[in-house]
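**Student:** Below you will find the structure I want to go over with you.
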Amino acid sequence: MGLFDKLRAELIDIIEWVDDSRHTIAWRFPRYQNEIKNGAQLIVRPGQMAVFVHRGELADTFGPGHYELKTDNLPILSTLAGWKHGFNSAYKAEVYFVNTRQITDLKWGTPNPIMLRDADFGPIRLRAFGTYTMQAVDPKALLKELIGTDSSFEIDEINELMRSMIASTFADIIGESKISALDLAANYRELSEDLRQSVVEKVDDEYGLNLPQLFIVNVSLPEEVEKAMDTRTSMGVIGDMGRFQQFQMGKAMTAAAENPAGGGASEGMGLGMGFAMANQMVHGMGQAAGAGGAAPPPPPMAATWYVAVNGKSEGPFDLNQMSQGAQAGQVKKETLVWSQAIGDWQPAGQVGALGMIFGPPTPPPLPPSGS
């Protein structure tokens, strides 16, 4: 190789960046000790911009295209280098390629819960997370404020700053909005756009960055608060708790009646539930009657009864409840009952005051007619 061939090999003829990554924001062309040849080819691909730096000062900027580097298309560099009468020799300059495509799949979140005063729940803690995209729009501001002399600048080097900025701005917006925690999901779109614009105002001029998209994916409450909300929702779905309990007891009575293998225990359970249900129904009817106007004077005290169920005393029950139990087959003539009037436990069928609950008495057979 001759001397002139060696000198030509030290000069750079083509300047380009073939970006094979998705998270590199800026990359410095590796010039080393080589000089850029006058008339060298500069190739800037779509989604890139090239910035020339001469002795630490920002010079010319090139958008996508194919350029032949000469004095006429390097006006700032010509001024900085003092090329007053044209330029015909090699020169030294640093060339930075900046990625201007949107960088996607970036995530943000609140590292710690945000304390808020909610109209429905009082003081609560909220967490939030989402996604965003970032794009370089002003390469010179980016080089000046963030990149400096780095040979390569990755998204990870600024992602932590962006996440902190988004989380802090989100706390401000959610506190000022006064939106109830139960209504946040209906306002995700508006809150996302407000959050995006607020963050862009902080990074566009200072860092030369833009956030084309920012989304709030979820705002969550602490686990114990969510469980309490689920319980409250379940109660709202059920509605009248008294009616629900009656329905549940009715189902249990039906199941007990359909399971003859349960023996005395299931009969006792059904009897207890039946009497409890009767108590609730009578109590509910009393409340409904009282709601219509002034309460009537209390009726005279009626006889109350206790029933022996599986060796235990159940009651007290009034005559109406005893009648319902007899109709359901839960009080039989051989069932032991007690009241203050009879003084001792007796079979229900032998107590005159309870005879009517088993239906009208059956008359004895007629005596034979006389011959």
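Ordering of the structure tokens sets the chain letters (A, B, ...), residue numbers begin anew at 1 in every chain, and ligands are numbered from 1 in the order given.
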Which neighbours of Asp19 of chain A fall inside 12 Å, counting only C-alpha atoms, when residues of the same chain fewer than 3 positions from it are skipped, and could you give them as a list in words?
**Tutor:**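 Here the answer would be Glu16, Arg22, His23, Thr24, Ile25, Ala26, Trp27, Arg28, Phe29, Val44, Arg45, Pro46, Gly47, Gln48, Phe97, Val98, Asn99, Thr100, Arg101 and Ser152 of chain A.
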**Student:** Which residues are close to Glu68 of chain A, i.e. within 8 Å by only C-alpha atoms, leaving aside same-chain residues fewer than 6 positions away? Reply as JSON, numbers by chain.
**Tutor:** {"A": [39, 40, 41, 42]}
**Student:** Go ahead and save the residues from that selection, with all heavy atoms, as a PDB file, in the first residue's frame.
**Tutor:**
ATOM      1  N   GLY A  39     -16.289  16.412   1.444  1.00  0.00           N
ATOM      2  CA  GLY A  39     -17.128  15.727   0.461  1.00  0.00           C
ATOM      3  C   GLY A  39     -17.559  14.346   0.902  1.00  0.00           C
ATOM      4  O   GLY A  39     -18.106  13.585   0.090  1.00  0.00           O
ATOM      5  N   ALA A  40     -17.337  14.011   2.197  1.00  0.00           N
ATOM      6  CA  ALA A  40     -17.779  12.706   2.697  1.00  0.00           C
ATOM      7  C   ALA A  40     -19.291  12.595   2.626  1.00  0.00           C
ATOM      8  O   ALA A  40     -20.016  13.601   2.608  1.00  0.00           O
ATOM      9  CB  ALA A  40     -17.292  12.509   4.132  1.00  0.00           C
ATOM     10  N   GLN A  41     -19.777  11.341   2.592  1.00  0.00           N
ATOM     11  CA  GLN A  41     -21.204  11.079   2.488  1.00  0.00           C
ATOM     12  C   GLN A  41     -21.803  10.901   3.890  1.00  0.00           C
ATOM     13  O   GLN A  41     -21.313  10.113   4.690  1.00  0.00           O
ATOM     14  CB  GLN A  41     -21.452   9.818   1.652  1.00  0.00           C
ATOM     15  CG  GLN A  41     -20.816   9.850   0.271  1.00  0.00           C
ATOM     16  CD  GLN A  41     -21.357  10.988  -0.571  1.00  0.00           C
ATOM     17  OE1 GLN A  41     -22.574  11.103  -0.752  1.00  0.00           O
ATOM     18  NE2 GLN A  41     -20.463  11.820  -1.090  1.00  0.00           N
ATOM     19  N   LEU A  42     -22.866  11.634   4.173  1.00  0.00           N
ATOM     20  CA  LEU A  42     -23.609  11.502   5.426  1.00  0.00           C
ATOM     21  C   LEU A  42     -24.971  10.897   5.104  1.00  0.00           C
ATOM     22  O   LEU A  42     -25.735  11.451   4.308  1.00  0.00           O
ATOM     23  CB  LEU A  42     -23.783  12.867   6.102  1.00  0.00           C
ATOM     24  CG  LEU A  42     -24.693  12.874   7.336  1.00  0.00           C
ATOM     25  CD1 LEU A  42     -24.090  12.047   8.472  1.00  0.00           C
ATOM     26  CD2 LEU A  42     -24.953  14.305   7.813  1.00  0.00           C
TER      27      LEU A  42
END
**Student:** Using only C-alpha atoms, which protein or nucleic acid residues come within 12 Å of Asp13 of chain A? Drop anything in the same chain fewer than 4 positions from it, and give the result as a PyMOL selection string.
**Tutor:** chain A and resi 8-9+31+34-43+67-69+90-91
**Student:** For a quick check of understanding, using only C-alpha atoms, which of A:Ser151, A:Asn112, A:Asn310, A:Asn159 has the smallest distance to Ala171 of chain A?
**Tutor:** A:Asn112
**Student:** Please provide as JSON, numbers by chain all residues within 10 Å of Gly355 of chain A, with the sequence filter that same-chain residues fewer than 6 positions apart are discarded (counting only C-alpha atoms).
**Tutor:** {"A": [323, 333, 348, 349, 361]}
**Student:** I need the residue nearest Thr104 of chain A from this list: A:Ala59, A:Ile174, A:Met134, A:Asp183. Use only C-alpha atoms for the distance.
**Tutor:**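 With only C-alpha atoms as the atom set, the closest residue is A:Met134.
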**Student:** Could you check which of A:Leu106, A:Ala228, A:Met115, A:Phe170 is closest to Ile158 of chain A, using only C-alpha atoms?
**Tutor:** A:Leu106
**Student:** A:Leu146, A:Ala128, A:Val203, A:Ala93: which is nearest Met165 of chain A, counting only C-alpha atoms?
**Tutor:**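 Ranked by minimum distance to Met165 of chain A, first place goes to A:Val203.
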**Student:** Restricting the calculation to only C-alpha atoms: of A:Val18, A:Leu319, A:Val53, A:Leu184, which residue gets closest to Met356 of chain A?
**Tutor:**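 Smallest separation from Met356 of chain A among the options: A:Leu319.
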**Student:** Which residues in segment 45-90 of chain A does DSSP call alpha helix (DSSP H)? List them as a PyMOL selection string.
**Tutor:** chain A and resi 75-81
**Student:** For Asp204 of chain A, list every protein, DNA or RNA residue within 10 Å, evaluated using only C-alpha atoms, and leave out those in the same chain fewer than 2 positions away; present the list as a list in words.
**Tutor:**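 After dropping sequence-adjacent residues, the list is Gln135, Ala136, Val137, Asp138, Ala141, Leu142, Val199, Val200, Glu201, Lys202, Glu206, Tyr207, Gly208, Leu209, Asn210 and Leu211 of chain A.
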**Student:** Given the selection you just returned, output its residues as a file containing all heavy atoms, formatted as a CSV table (one decimal), in the first residue's frame.
**Tutor:**
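Output (result.csv):
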chain,number,residue,atom,x,y,z
A,135,GLN,N,-40.1,10.2,23.0
A,135,GLN,CA,-39.5,10.6,21.7
A,135,GLN,C,-38.6,11.8,21.8
A,135,GLN,O,-39.0,12.8,22.5
A,135,GLN,CB,-40.7,10.9,20.7
A,135,GLN,CG,-40.2,11.2,19.3
A,135,GLN,CD,-41.4,11.5,18.4
A,135,GLN,OE1,-42.4,12.0,18.8
A,135,GLN,NE2,-41.3,11.1,17.1
A,136,ALA,N,-37.5,11.8,21.2
A,136,ALA,CA,-36.6,12.9,21.2
A,136,ALA,C,-37.0,13.9,20.0
A,136,ALA,O,-37.2,13.5,18.9
A,136,ALA,CB,-35.1,12.5,20.9
A,137,VAL,N,-37.2,15.1,20.4
A,137,VAL,CA,-37.7,16.1,19.4
A,137,VAL,C,-36.7,17.3,19.2
A,137,VAL,O,-36.8,18.0,18.2
A,137,VAL,CB,-39.1,16.7,19.8
A,137,VAL,CG1,-40.2,15.6,19.7
A,137,VAL,CG2,-39.1,17.3,21.2
A,138,ASP,N,-35.8,17.5,20.2
A,138,ASP,CA,-34.8,18.6,20.0
A,138,ASP,C,-33.5,18.0,20.4
A,138,ASP,O,-33.0,18.0,21.5
A,138,ASP,CB,-35.2,19.7,21.0
A,138,ASP,CG,-34.3,20.9,20.8
A,138,ASP,OD1,-33.3,20.8,20.1
A,138,ASP,OD2,-34.6,22.0,21.4
A,141,ALA,N,-30.9,20.2,22.5
A,141,ALA,CA,-31.2,20.2,23.9
A,141,ALA,C,-30.9,18.9,24.6
A,141,ALA,O,-30.4,18.9,25.8
A,141,ALA,CB,-32.7,20.6,24.1
A,142,LEU,N,-31.2,17.8,24.0
A,142,LEU,CA,-30.9,16.5,24.5
A,142,LEU,C,-29.4,16.3,24.7
A,142,LEU,O,-28.9,15.8,25.8
A,142,LEU,CB,-31.4,15.4,23.6
A,142,LEU,CG,-31.4,14.0,24.1
A,142,LEU,CD1,-32.3,13.8,25.3
A,142,LEU,CD2,-31.8,13.0,23.0
A,199,VAL,N,-46.5,16.5,32.2
A,199,VAL,CA,-45.1,16.0,32.2
A,199,VAL,C,-44.4,16.6,31.0
A,199,VAL,O,-43.2,17.0,31.0
A,199,VAL,CB,-45.1,14.5,32.1
A,199,VAL,CG1,-43.7,13.9,32.0
A,199,VAL,CG2,-45.8,13.9,33.4
A,200,VAL,N,-45.1,16.7,29.8
A,200,VAL,CA,-44.4,17.3,28.6
A,200,VAL,C,-44.0,18.7,28.9
A,200,VAL,O,-42.9,19.1,28.4
A,200,VAL,CB,-45.4,17.2,27.4
A,200,VAL,CG1,-44.9,18.0,26.2
A,200,VAL,CG2,-45.6,15.7,27.0
A,201,GLU,N,-44.8,19.5,29.6
A,201,GLU,CA,-44.3,20.8,29.9
A,201,GLU,C,-43.0,20.9,30.7
A,201,GLU,O,-42.3,21.9,30.6
A,201,GLU,CB,-45.4,21.5,30.7
A,201,GLU,CG,-46.7,21.8,29.9
A,201,GLU,CD,-47.8,22.4,30.7
A,201,GLU,OE1,-47.5,22.6,31.9
A,201,GLU,OE2,-48.9,22.7,30.2
A,202,LYS,N,-42.7,19.8,31.4
A,202,LYS,CA,-41.5,19.8,32.2
A,202,LYS,C,-40.3,19.3,31.4
A,202,LYS,O,-39.1,19.6,31.8
A,202,LYS,CB,-41.7,19.0,33.4
A,202,LYS,CG,-42.8,19.5,34.4
A,202,LYS,CD,-43.0,18.5,35.5
A,202,LYS,CE,-44.1,19.0,36.4
A,202,LYS,NZ,-44.3,18.1,37.6
A,206,GLU,N,-36.6,21.7,28.4
A,206,GLU,CA,-35.4,21.4,29.1
A,206,GLU,C,-34.6,20.3,28.6
A,206,GLU,O,-33.4,20.4,28.5
A,206,GLU,CB,-35.8,21.1,30.6
A,206,GLU,CG,-34.6,21.0,31.5
A,206,GLU,CD,-35.0,20.9,33.0
A,206,GLU,OE1,-36.2,20.9,33.3
A,206,GLU,OE2,-34.1,20.8,33.8
A,207,TYR,N,-35.3,19.2,28.2
A,207,TYR,CA,-34.5,18.0,27.8
A,207,TYR,C,-34.7,17.6,26.3
A,207,TYR,O,-34.1,16.7,25.8
A,207,TYR,CB,-34.9,16.8,28.6
A,207,TYR,CG,-34.7,16.9,30.1
A,207,TYR,CD1,-35.8,16.8,31.0
A,207,TYR,CD2,-33.5,17.2,30.6
A,207,TYR,CE1,-35.6,17.0,32.3
A,207,TYR,CE2,-33.2,17.3,31.9
A,207,TYR,CZ,-34.3,17.2,32.8
A,207,TYR,OH,-34.1,17.4,34.2
A,208,GLY,N,-35.6,18.4,25.6
A,208,GLY,CA,-35.8,18.1,24.2
A,208,GLY,C,-36.6,16.8,24.0
A,208,GLY,O,-36.4,16.2,23.0
A,209,LEU,N,-37.5,16.4,24.9
A,209,LEU,CA,-38.2,15.2,24.8
A,209,LEU,C,-39.7,15.4,24.7
A,209,LEU,O,-40.2,16.5,25.1
A,209,LEU,CB,-37.9,14.3,26.1
A,209,LEU,CG,-36.5,13.8,26.2
A,209,LEU,CD1,-36.3,13.1,27.6
A,209,LEU,CD2,-36.0,12.9,25.1
A,210,ASN,N,-40.4,14.4,24.2
A,210,ASN,CA,-41.8,14.5,24.1
A,210,ASN,C,-42.4,13.1,24.6
A,210,ASN,O,-41.7,12.1,24.4
A,210,ASN,CB,-42.3,14.8,22.7
A,210,ASN,CG,-43.8,14.9,22.6
A,210,ASN,OD1,-44.5,15.3,23.5
A,210,ASN,ND2,-44.3,14.5,21.5
A,211,LEU,N,-43.6,13.1,25.1
A,211,LEU,CA,-44.3,11.9,25.5
A,211,LEU,C,-45.6,11.9,24.6
A,211,LEU,O,-46.6,12.4,25.0
A,211,LEU,CB,-44.7,11.9,27.0
A,211,LEU,CG,-43.7,11.4,28.0
A,211,LEU,CD1,-42.5,12.3,28.0
A,211,LEU,CD2,-44.3,11.2,29.3
